[in-house]
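Participant: Next comes the structure file structure-v2.txt, holding compact mmCIF, C-alpha atoms.
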# COMPACT_ATOMS: atom_id res chain seq x y z
CA MET Q 26 2.64 101.86 48.51
CA ALA Q 27 -0.59 103.47 47.30
CA LYS Q 28 -3.41 101.74 45.47
CA GLU Q 29 -2.83 101.06 41.79
CA LEU Q 30 -4.47 99.36 38.83
CA LYS Q 31 -2.06 96.83 37.38
CA LEU Q 32 -2.04 94.04 34.82
CA MET Q 33 -0.76 90.89 36.50
CA LYS Q 34 -1.00 87.13 36.68
CA GLY Q 35 -2.99 85.44 39.41
CA ASN Q 36 0.18 84.03 40.94
CA GLU Q 37 1.73 87.50 40.93
CA ALA Q 38 -1.40 88.86 42.61
CA ILE Q 39 -1.05 86.33 45.43
CA ALA Q 40 2.56 87.37 45.99
CA ARG Q 41 1.85 91.10 45.90
CA ALA Q 42 -1.10 90.66 48.26
CA MET Q 43 1.08 88.80 50.73
CA ILE Q 44 3.41 91.77 50.90
CA ALA Q 45 0.57 94.32 51.07
CA SER Q 46 -1.35 92.41 53.76
CA GLY Q 47 1.49 92.59 56.26
CA THR Q 48 2.69 89.00 55.91
CA ASP Q 49 5.75 88.34 58.07
CA GLY Q 50 7.19 85.35 56.24
CA TYR Q 51 6.82 83.14 53.18
CA PHE Q 52 8.47 79.73 52.95
CA GLY Q 53 7.98 77.91 49.67
CA TYR Q 54 9.32 75.60 47.03
CA PRO Q 55 8.96 76.07 43.25
CA ILE Q 56 6.54 73.87 41.35
CA THR Q 57 4.54 74.60 38.21
CA PRO Q 58 2.05 76.13 37.71
CA GLN Q 59 2.60 78.38 40.75
CA SER Q 60 6.31 79.16 40.61
CA GLU Q 61 5.61 82.85 39.87
CA VAL Q 62 4.57 83.34 43.49
CA MET Q 63 8.10 82.94 44.77
CA GLU Q 64 9.60 84.53 41.66
CA THR Q 65 7.51 87.66 42.22
CA LEU Q 66 8.39 87.79 45.90
CA MET Q 67 12.08 87.51 45.08
CA ALA Q 68 11.78 90.25 42.46
CA GLU Q 69 9.86 92.56 44.80
CA LYS Q 70 12.42 92.09 47.65
CA PRO Q 71 9.97 92.83 50.48
CA TRP Q 72 12.72 92.27 53.06
CA GLU Q 73 14.03 95.67 51.99
CA THR Q 74 10.67 97.45 52.38
CA THR Q 75 8.37 95.71 54.87
CA GLY Q 76 10.90 93.36 56.44
CA MET Q 77 9.02 90.28 55.21
CA VAL Q 78 11.13 87.12 55.14
CA VAL Q 79 11.10 85.14 51.88
CA LEU Q 80 12.91 81.82 51.83
CA GLN Q 81 13.08 78.94 49.38
CA ALA Q 82 13.02 75.75 51.41
CA GLU Q 83 14.69 72.54 50.30
CA SER Q 84 11.32 70.79 49.86
CA GLU Q 85 7.60 71.11 50.44
CA LEU Q 86 8.04 69.13 53.65
CA ALA Q 87 10.51 71.69 54.89
CA SER Q 88 8.40 74.67 53.85
CA ILE Q 89 5.23 73.58 55.63
CA ASN Q 90 7.16 72.86 58.82
CA MET Q 91 8.85 76.25 58.56
CA VAL Q 92 5.34 77.68 58.40
CA TYR Q 93 4.51 75.72 61.57
CA GLY Q 94 7.51 77.13 63.40
CA GLY Q 95 7.04 80.73 62.31
CA ALA Q 96 3.25 80.80 62.71
CA ALA Q 97 3.51 79.26 66.18
CA THR Q 98 4.96 82.58 67.34
CA GLY Q 99 1.81 84.41 66.22
CA LYS Q 100 3.30 85.83 63.05
CA LYS Q 101 1.57 85.88 59.66
CA VAL Q 102 3.34 83.09 57.78
CA ALA Q 103 2.33 81.65 54.40
CA THR Q 104 3.29 79.18 51.70
CA SER Q 105 2.08 78.07 48.28
CA SER Q 106 2.43 75.04 46.06
CA SER Q 107 0.66 72.91 43.47
CA SER Q 108 -1.12 69.58 43.78
CA PRO Q 109 1.74 67.07 44.37
CA GLY Q 110 3.46 69.59 46.63
CA ILE Q 111 0.30 70.06 48.70
CA SER Q 112 0.10 66.27 49.03
CA LEU Q 113 3.53 66.35 50.64
CA MET Q 114 2.36 69.11 52.96
CA CYS Q 115 -0.73 67.26 54.23
CA GLU Q 116 1.00 65.89 57.33
CA GLY Q 117 2.07 69.40 58.25
CA LEU Q 118 -1.41 70.75 57.55
CA THR Q 119 -3.04 68.36 59.97
CA TYR Q 120 -0.42 69.33 62.57
CA LEU Q 121 -1.21 73.00 62.00
CA ALA Q 122 -4.96 72.39 62.31
CA GLY Q 123 -4.44 70.17 65.35
CA ALA Q 124 -2.27 72.79 67.05
CA GLU Q 125 -4.70 75.57 66.05
CA ILE Q 126 -2.08 77.64 64.27
CA PRO Q 127 -3.32 80.29 61.82
CA CYS Q 128 -1.56 80.42 58.46
CA VAL Q 129 -2.35 80.82 54.75
CA ILE Q 130 -1.64 78.26 52.01
CA MET Q 131 -2.30 78.58 48.28
CA ASN Q 132 -2.75 75.58 45.99
CA ALA Q 133 -2.65 76.17 42.21
CA MET Q 134 -4.18 72.84 41.19
CA ARG Q 135 -2.82 70.87 38.26
CA GLY Q 136 -4.06 67.73 36.54
CA GLY Q 137 -3.57 64.45 38.38
CA PRO Q 138 -3.40 61.90 39.85
CA GLY Q 139 0.30 61.56 40.57
CA LEU Q 140 2.47 64.12 38.83
CA GLY Q 141 -0.21 64.41 36.17
CA THR Q 142 0.06 67.48 33.95
CA ILE Q 143 0.93 71.09 34.68
CA GLN Q 144 -2.35 72.22 33.11
CA PRO Q 145 -5.29 73.39 35.29
CA ALA Q 146 -7.69 71.01 37.00
CA GLN Q 147 -9.98 70.90 40.04
CA SER Q 148 -9.33 67.39 41.25
CA ASP Q 149 -7.95 68.47 44.65
CA TYR Q 150 -11.43 69.24 45.99
CA PHE Q 151 -11.57 66.10 48.14
CA GLN Q 152 -8.04 66.65 49.41
CA SER Q 153 -8.84 70.24 50.34
CA THR Q 154 -12.30 69.93 51.87
CA LYS Q 155 -12.30 66.42 53.31
CA GLY Q 156 -8.80 66.56 54.78
CA GLY Q 157 -5.77 65.26 52.93
CA GLY Q 158 -4.11 64.49 56.24
CA HIS Q 159 -5.30 62.34 59.12
CA GLY Q 160 -7.78 63.11 61.87
CA ASP Q 161 -11.01 65.06 62.23
CA TYR Q 162 -9.85 68.44 60.97
CA GLN Q 163 -10.90 71.04 58.43
CA LEU Q 164 -9.17 73.75 56.50
CA TYR Q 165 -11.12 76.90 55.70
CA VAL Q 166 -11.09 76.77 51.88
CA MET Q 167 -11.61 79.76 49.56
CA ALA Q 168 -11.93 79.41 45.78
CA PRO Q 169 -11.14 82.59 43.79
CA ALA Q 170 -12.45 82.95 40.25
CA SER Q 171 -10.38 85.93 39.09
CA VAL Q 172 -7.00 87.59 39.53
CA GLN Q 173 -8.68 90.29 41.62
CA GLU Q 174 -10.04 87.67 43.99
CA MET Q 175 -6.63 86.01 44.15
CA TYR Q 176 -5.38 89.32 45.49
CA ASP Q 177 -8.31 90.20 47.75
CA PHE Q 178 -8.68 86.76 49.29
CA VAL Q 179 -5.22 86.94 50.86
CA PHE Q 180 -6.43 89.80 53.06
CA ASP Q 181 -9.63 87.92 53.88
CA ALA Q 182 -7.67 84.74 54.59
CA TRP Q 183 -5.59 86.42 57.28
CA ASP Q 184 -8.73 87.69 58.99
CA ILE Q 185 -10.30 84.23 58.97
CA ALA Q 186 -7.10 82.45 60.00
CA PHE Q 187 -6.69 84.52 63.15
CA LYS Q 188 -10.41 84.69 63.87
CA TYR Q 189 -10.57 80.90 64.15
CA ARG Q 190 -6.91 80.03 64.79
CA ASN Q 191 -7.03 77.77 61.75
CA PRO Q 192 -5.14 77.26 58.48
CA VAL Q 193 -6.82 78.85 55.45
CA LEU Q 194 -6.36 77.36 51.99
CA ILE Q 195 -6.78 79.47 48.86
CA LEU Q 196 -7.67 76.86 46.24
CA THR Q 197 -7.08 77.99 42.69
CA ASP Q 198 -5.70 76.37 39.54
CA GLY Q 199 -3.22 76.86 36.73
CA ALA Q 200 -5.69 78.81 34.59
CA ILE Q 201 -6.35 81.61 37.07
CA GLY Q 202 -2.77 81.49 38.34
CA GLN Q 203 -1.38 81.99 34.84
CA CYS Q 204 -3.97 84.27 33.25
CA MET Q 205 -3.38 88.03 33.23
CA GLU Q 206 -6.10 90.48 34.23
CA LYS Q 207 -6.47 93.95 35.64
CA CYS Q 208 -6.14 94.02 39.41
CA TYR Q 209 -6.65 96.86 41.87
CA THR Q 210 -4.01 96.74 44.58
CA ARG Q 211 -4.41 98.14 48.08
CA ASP Q 212 -2.47 100.39 50.38
CA TYR Q 213 0.09 98.40 52.33
CA LEU Q 214 -0.94 97.26 55.78
CA PRO Q 215 1.94 97.58 58.23
CA ARG Q 216 3.21 94.38 59.77
CA TRP Q 217 2.09 93.98 63.35
CA THR Q 218 4.33 95.44 65.99
CA GLU Q 219 5.56 93.14 68.74
CA GLU Q 220 2.90 94.57 71.06
CA GLU Q 221 0.14 94.04 68.48
CA ARG Q 222 1.27 90.49 67.80
CA ARG Q 223 1.20 89.59 71.46
CA ALA Q 224 -2.26 91.11 71.80
CA LYS Q 225 -3.64 89.33 68.72
CA ALA Q 226 -1.91 86.01 69.43
CA PRO Q 227 -1.70 85.64 73.22
CA TRP Q 228 -1.40 81.88 72.67
CA GLY Q 229 1.84 82.25 70.69
CA CYS Q 230 5.27 81.02 71.70
CA TRP Q 231 6.95 84.40 71.90
CA GLY Q 232 8.52 84.23 75.34
CA LYS Q 233 7.17 83.63 78.83
CA PRO Q 234 6.49 86.64 81.03
CA ALA Q 235 6.48 86.10 84.81
CA ASN Q 236 2.74 86.63 85.12
CA ARG Q 237 1.52 83.62 83.12
CA ALA Q 238 2.13 79.92 82.54
CA HIS Q 239 4.01 78.55 79.55
CA ASN Q 240 2.32 78.68 76.17
CA ILE Q 241 2.54 75.23 74.58
CA ILE Q 242 1.91 74.67 70.87
CA THR Q 243 1.26 70.99 70.15
CA SER Q 244 -1.18 68.59 68.54
CA LEU Q 245 -0.12 65.66 70.75
CA GLU Q 246 -2.33 64.49 73.61
CA LEU Q 247 -1.81 61.07 75.19
CA ASP Q 248 -4.91 61.27 77.41
CA SER Q 249 -7.84 60.03 75.29
CA ALA Q 250 -10.45 61.82 77.39
CA ARG Q 251 -8.66 65.15 77.01
CA GLN Q 252 -8.16 64.54 73.29
CA GLU Q 253 -11.89 63.93 72.91
CA VAL Q 254 -12.68 67.22 74.64
CA PHE Q 255 -10.22 69.01 72.38
CA ASN Q 256 -11.71 67.41 69.26
CA GLN Q 257 -15.16 68.52 70.42
CA LYS Q 258 -13.79 72.05 70.66
CA LEU Q 259 -12.53 71.82 67.06
CA GLN Q 260 -15.90 70.54 65.82
CA LYS Q 261 -17.63 73.46 67.54
CA LYS Q 262 -15.25 75.83 65.76
CA TYR Q 263 -15.98 74.25 62.38
CA ALA Q 264 -19.71 74.53 63.10
CA GLU Q 265 -19.23 78.25 63.77
CA MET Q 266 -17.53 78.59 60.37
CA LYS Q 267 -20.54 76.94 58.74
CA GLU Q 268 -22.92 79.26 60.53
CA ASN Q 269 -21.10 82.56 60.18
CA ASP Q 270 -18.58 82.51 57.34
CA VAL Q 271 -20.08 80.80 54.29
CA ARG Q 272 -19.43 82.74 51.08
CA TYR Q 273 -21.09 82.28 47.69
CA GLU Q 274 -22.37 84.12 44.63
CA MET Q 275 -25.73 83.60 42.93
CA LEU Q 276 -26.40 84.84 39.38
CA ASN Q 277 -29.81 84.77 37.66
CA CYS Q 278 -31.15 82.32 40.22
CA GLU Q 279 -34.36 84.24 40.99
CA ASP Q 280 -36.29 82.94 37.97
CA ALA Q 281 -34.09 79.97 37.06
CA ASP Q 282 -35.45 76.56 36.11
CA TYR Q 283 -31.97 75.04 36.04
CA ILE Q 284 -28.78 75.79 37.95
CA PHE Q 285 -25.10 75.42 37.20
CA VAL Q 286 -23.06 74.82 40.35
CA ALA Q 287 -19.40 75.60 39.76
CA TYR Q 288 -16.41 77.26 41.41
CA GLY Q 289 -13.19 78.88 40.24
CA THR Q 290 -12.36 78.53 36.56
CA SER Q 291 -15.41 76.35 35.90
CA SER Q 292 -17.70 79.08 37.20
CA ARG Q 293 -16.26 81.50 34.67
CA ILE Q 294 -17.02 79.04 31.87
CA CYS Q 295 -20.54 78.59 33.25
CA MET Q 296 -21.20 82.32 33.18
CA LYS Q 297 -20.89 82.24 29.40
CA SER Q 298 -22.86 78.97 29.21
CA MET Q 299 -25.62 80.68 31.19
CA GLU Q 300 -25.68 83.55 28.67
CA LEU Q 301 -25.91 81.07 25.77
CA ALA Q 302 -28.74 79.23 27.51
CA ARG Q 303 -30.70 82.39 28.19
CA ALA Q 304 -30.30 83.41 24.55
CA LYS Q 305 -32.05 80.13 23.67
CA GLY Q 306 -34.88 80.83 26.09
CA LEU Q 307 -33.63 78.51 28.84
CA LYS Q 308 -33.84 80.01 32.31
CA VAL Q 309 -30.48 79.02 33.76
CA GLY Q 310 -28.74 80.42 36.83
CA LEU Q 311 -25.36 79.95 38.48
CA LEU Q 312 -24.49 79.20 42.08
CA ARG Q 313 -20.78 79.77 42.69
CA PRO Q 314 -19.45 78.46 46.00
CA ILE Q 315 -16.71 80.85 47.11
CA THR Q 316 -15.98 78.89 50.27
CA LEU Q 317 -15.72 75.17 49.56
CA PHE Q 318 -15.47 74.60 53.29
CA PRO Q 319 -17.76 75.75 54.71
CA PHE Q 320 -19.91 74.78 51.72
CA PRO Q 321 -23.09 76.79 50.91
CA THR Q 322 -25.29 73.85 51.88
CA LYS Q 323 -28.32 75.93 52.85
CA GLN Q 324 -28.28 77.81 49.56
CA VAL Q 325 -28.16 74.59 47.52
CA ALA Q 326 -31.01 73.17 49.59
CA GLU Q 327 -33.17 76.26 49.02
CA LEU Q 328 -32.53 76.28 45.29
CA ALA Q 329 -33.32 72.56 45.08
CA LYS Q 330 -36.86 73.36 46.24
CA LYS Q 331 -37.40 75.76 43.34
CA VAL Q 332 -35.62 74.44 40.25
CA LYS Q 333 -35.95 71.40 38.00
CA GLY Q 334 -32.33 70.25 38.05
CA MET Q 335 -28.70 71.13 38.68
CA LEU Q 336 -25.54 70.49 36.69
CA CYS Q 337 -22.29 70.42 38.66
CA VAL Q 338 -19.49 71.60 36.43
CA GLU Q 339 -15.97 70.93 37.69
CA MET Q 340 -12.69 70.05 36.05
CA SER Q 341 -12.54 66.63 37.64
CA ALA Q 342 -14.26 63.27 37.45
CA GLY Q 343 -16.83 64.57 39.93
CA GLN Q 344 -16.03 65.59 43.52
CA MET Q 345 -17.98 68.68 44.56
CA ILE Q 346 -21.13 66.98 43.26
CA GLU Q 347 -21.17 64.82 46.40
CA ASP Q 348 -21.67 67.91 48.58
CA VAL Q 349 -24.31 69.27 46.20
CA LYS Q 350 -26.27 66.01 46.29
CA LEU Q 351 -26.10 65.85 50.08
CA ALA Q 352 -27.35 69.42 50.34
CA ALA Q 353 -30.17 68.93 47.80
CA ASN Q 354 -31.33 65.76 49.55
CA CYS Q 355 -32.44 64.02 46.34
CA GLN Q 356 -35.20 66.52 45.58
CA ILE Q 357 -34.22 67.03 41.92
CA PRO Q 358 -31.96 65.50 39.25
CA ILE Q 359 -28.31 66.44 39.82
CA GLU Q 360 -25.69 65.49 37.27
CA HIS Q 361 -22.00 66.11 36.74
CA PHE Q 362 -20.11 67.38 33.73
CA GLY Q 363 -16.38 67.79 33.71
CA ARG Q 364 -13.22 67.56 31.71
CA PHE Q 365 -10.04 66.48 33.43
CA GLY Q 366 -6.35 65.90 32.83
CA GLY Q 367 -5.86 69.63 32.27
CA ILE Q 368 -8.61 70.22 29.69
CA ILE Q 369 -10.91 73.21 30.25
CA PRO Q 370 -14.47 72.69 28.95
CA THR Q 371 -15.99 75.14 26.51
CA PRO Q 372 -19.22 77.04 27.27
CA GLU Q 373 -20.90 75.20 24.41
CA GLU Q 374 -19.93 71.81 25.88
CA VAL Q 375 -21.38 72.80 29.24
CA LEU Q 376 -24.68 73.92 27.73
CA GLU Q 377 -24.88 70.76 25.64
CA ALA Q 378 -24.33 68.68 28.78
CA LEU Q 379 -27.13 70.54 30.57
CA GLU Q 380 -29.53 69.85 27.70
CA GLU Q 381 -28.55 66.18 27.42
CA LYS Q 382 -28.28 65.29 31.10
CA ILE Q 383 -30.91 67.47 32.79
CA ILE Q 384 -33.35 69.04 30.34
CA LYS Q 385 -33.47 66.10 27.86
Once more with this new file: its structure as structure tokens, please.
Facilitator:
Amino acid sequence: MAKELKLMKGNEAIARAMIASGTDGYFGYPITPQSEVMETLMAEKPWETTGMVVLQAESELASINMVYGGAATGKKVATSSSSPGISLMCEGLTYLAGAEIPCVIMNAMRGGPGLGTIQPAQSDYFQSTKGGGHGDYQLYVMAPASVQEMYDFVFDAWDIAFKYRNPVLILTDGAIGQCMEKCYTRDYLPRWTEEERRAKAPWGCWGKPANRAHNIITSLELDSARQEVFNQKLQKKYAEMKENDVRYEMLNCEDADYIFVAYGTSSRICMKSMELARAKGLKVGLLRPITLFPFPTKQVAELAKKVKGMLCVEMSAGQMIEDVKLAANCQIPIEHFGRFGGIIPTPEEVLEALEEKIIK
């Protein structure tokens, strides 16, 4: 299918990108506000065009373990859910990270804790970046701020997942998932052939030829010394992510006296707040982390040497602010402003918070 310009929801963009990026299988379970992902896949019927498997599992527990099984063969396998569903998947996610299995997961965050609301929030930051499951593991976490990025990041996620043999989480929310915007689609990438898959995933469980030992996919190691060596290997991999694959966007930061730090939906609100501030003569810039892990620590640290203060804007009680404060190393005032429970702040509220909390 050739490139097109289409009007679509963020959740639809994720689904269409999965088909276009050569995804082999999607195993999911419906939950608002991301149910359109599976609905779009079912409507598009990719099994008739690309051969992609689409299956509704009986639960989130089943879907994440189906991802484990399919991805362990070296195939591109994905799932999506929303906050409580991702909580149920956390055991599977730590297994996937511990077994070094590449896959892609999308979380359209909703208000919490518990079942919360189906409205957008950003209170899964800790769960996503600090590890919702057990053990010393990390997901590579990308935070789109538009429908176009929802689409494009699927392609990027597959590259990162197989580069590092690691799960990649696309962390969005109900606002971007449900909003409709113009989106440029791409030409379809063909699914890997059997020969390509074996070349790109020589570690996969796809059958044992006579010239090599068994491939074993597991996260279980009973020898503590060997487990320590393996954990050291994982930490080295995460350090490489921090060094080579940090993504961020900086707007009007060159002359800024104050900085908004925000991702996803909050960053879009802050763009307007920044315009309002500049119209009042306040030199305000925006740092948008695109990867939440690895976090743009160096960029925050550099800005902290130049500006008078930072306001972390996130739709939560304050989670990302911890990483911002660590990066800034107490050089300047850093405050948080956020609405939660599914309420999106207005640009005026954000600017007022900056004036009250930082500029004073």
Participant: When you look at Pro321 (chain Q) with a cut-off of 10 Å (counting only C-alpha atoms), what residues show up, excluding the ones that are within fewer than 4 positions of it in the same chain? I need them as a list of chain:residue names.
Facilitator: Q:Lys267, Q:Glu268, Q:Asp270, Q:Val271, Q:Arg272, Q:Tyr273, Q:Glu274, Q:Leu312, Q:Arg313, Q:Pro314, Q:Ile315, Q:Thr316, Q:Leu317, Q:Val325, Q:Ala326, Q:Asp348, Q:Val349, Q:Ala352
Participant: Out of Q:Ala281, Q:Val332, Q:Ala96, Q:Met77, which residue has the shortest atom-to-atom distance to Arg222 (chain Q) when counting all atoms listed in the file?
Facilitator: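 Result for the nearest residue to Arg222 (chain Q): Q:Ala96.
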Participant: Could you list, as an MDAnalysis selection string, every residue within 8 Å of region 357-372 of chain Q, counting only C-alpha atoms and ignoring same-chain residues fewer than 6 positions away?
Facilitator: chainID Q and resid 135:137 141:148 291 294:295 297:298 301 329 332:343 346 350 378 382:383
Participant: Could you please take those selected residues and save C-alpha atoms as a PDB file, in the coordinates of the input?
Facilitator:
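Heads up, here's the output in result-v3.pdb:
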ATOM      1  CA  ARG Q 135      -2.820  70.870  38.260  1.00  0.00           C
ATOM      2  CA  GLY Q 136      -4.060  67.730  36.540  1.00  0.00           C
ATOM      3  CA  GLY Q 137      -3.570  64.450  38.380  1.00  0.00           C
ATOM      4  CA  GLY Q 141      -0.210  64.410  36.170  1.00  0.00           C
ATOM      5  CA  THR Q 142       0.060  67.480  33.950  1.00  0.00           C
ATOM      6  CA  ILE Q 143       0.930  71.090  34.680  1.00  0.00           C
ATOM      7  CA  GLN Q 144      -2.350  72.220  33.110  1.00  0.00           C
ATOM      8  CA  PRO Q 145      -5.290  73.390  35.290  1.00  0.00           C
ATOM      9  CA  ALA Q 146      -7.690  71.010  37.000  1.00  0.00           C
ATOM     10  CA  GLN Q 147      -9.980  70.900  40.040  1.00  0.00           C
ATOM     11  CA  SER Q 148      -9.330  67.390  41.250  1.00  0.00           C
ATOM     12  CA  SER Q 291     -15.410  76.350  35.900  1.00  0.00           C
ATOM     13  CA  ILE Q 294     -17.020  79.040  31.870  1.00  0.00           C
ATOM     14  CA  CYS Q 295     -20.540  78.590  33.250  1.00  0.00           C
ATOM     15  CA  LYS Q 297     -20.890  82.240  29.400  1.00  0.00           C
ATOM     16  CA  SER Q 298     -22.860  78.970  29.210  1.00  0.00           C
ATOM     17  CA  LEU Q 301     -25.910  81.070  25.770  1.00  0.00           C
ATOM     18  CA  ALA Q 329     -33.320  72.560  45.080  1.00  0.00           C
ATOM     19  CA  VAL Q 332     -35.620  74.440  40.250  1.00  0.00           C
ATOM     20  CA  LYS Q 333     -35.950  71.400  38.000  1.00  0.00           C
ATOM     21  CA  GLY Q 334     -32.330  70.250  38.050  1.00  0.00           C
ATOM     22  CA  MET Q 335     -28.700  71.130  38.680  1.00  0.00           C
ATOM     23  CA  LEU Q 336     -25.540  70.490  36.690  1.00  0.00           C
ATOM     24  CA  CYS Q 337     -22.290  70.420  38.660  1.00  0.00           C
ATOM     25  CA  VAL Q 338     -19.490  71.600  36.430  1.00  0.00           C
ATOM     26  CA  GLU Q 339     -15.970  70.930  37.690  1.00  0.00           C
ATOM     27  CA  MET Q 340     -12.690  70.050  36.050  1.00  0.00           C
ATOM     28  CA  SER Q 341     -12.540  66.630  37.640  1.00  0.00           C
ATOM     29  CA  ALA Q 342     -14.260  63.270  37.450  1.00  0.00           C
ATOM     30  CA  GLY Q 343     -16.830  64.570  39.930  1.00  0.00           C
ATOM     31  CA  ILE Q 346     -21.130  66.980  43.260  1.00  0.00           C
ATOM     32  CA  LYS Q 350     -26.270  66.010  46.290  1.00  0.00           C
ATOM     33  CA  ALA Q 378     -24.330  68.680  28.780  1.00  0.00           C
ATOM     34  CA  LYS Q 382     -28.280  65.290  31.100  1.00  0.00           C
ATOM     35  CA  ILE Q 383     -30.910  67.470  32.790  1.00  0.00           C
TER      36      ILE Q 383
END
Participant: Provide the CA of Pro169 (chain Q) to CA of Met67 (chain Q) distance in Å, to one decimal place.
Facilitator: 23.8 Å
Participant: Counting only C-alpha atoms, which residues sit no farther than 12 Å from the position (-1.8, 95.4, 37.3) in the file's frame? I'd like them as a PyMOL selection string.
Facilitator: chain Q and resi 28-35+37-38+41-42+172-173+176+205-211
Participant: Quick one: distance from CA of Leu194 (chain Q) to CA of Leu247 (chain Q) in Å, one decimal?
Facilitator: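 So the two atoms, CA of Leu194 (chain Q) and CA of Leu247 (chain Q), lie 28.7 Å apart.
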Participant: From the options Q:Leu259, Q:Ile195, Q:Ala224, Q:Ala82, which residue's atoms come nearest to Gly123 (chain Q), counting only C-alpha atoms?
Facilitator: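 When distances to Gly123 (chain Q) are compared using only C-alpha atoms, the smallest one comes from Q:Leu259.
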Participant: What is the CA of Met175 (chain Q)-CA of Thr104 (chain Q) distance in Å, reported with one decimal?
Facilitator: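 Separation of CA of Met175 (chain Q) and CA of Thr104 (chain Q): 14.2 Å.
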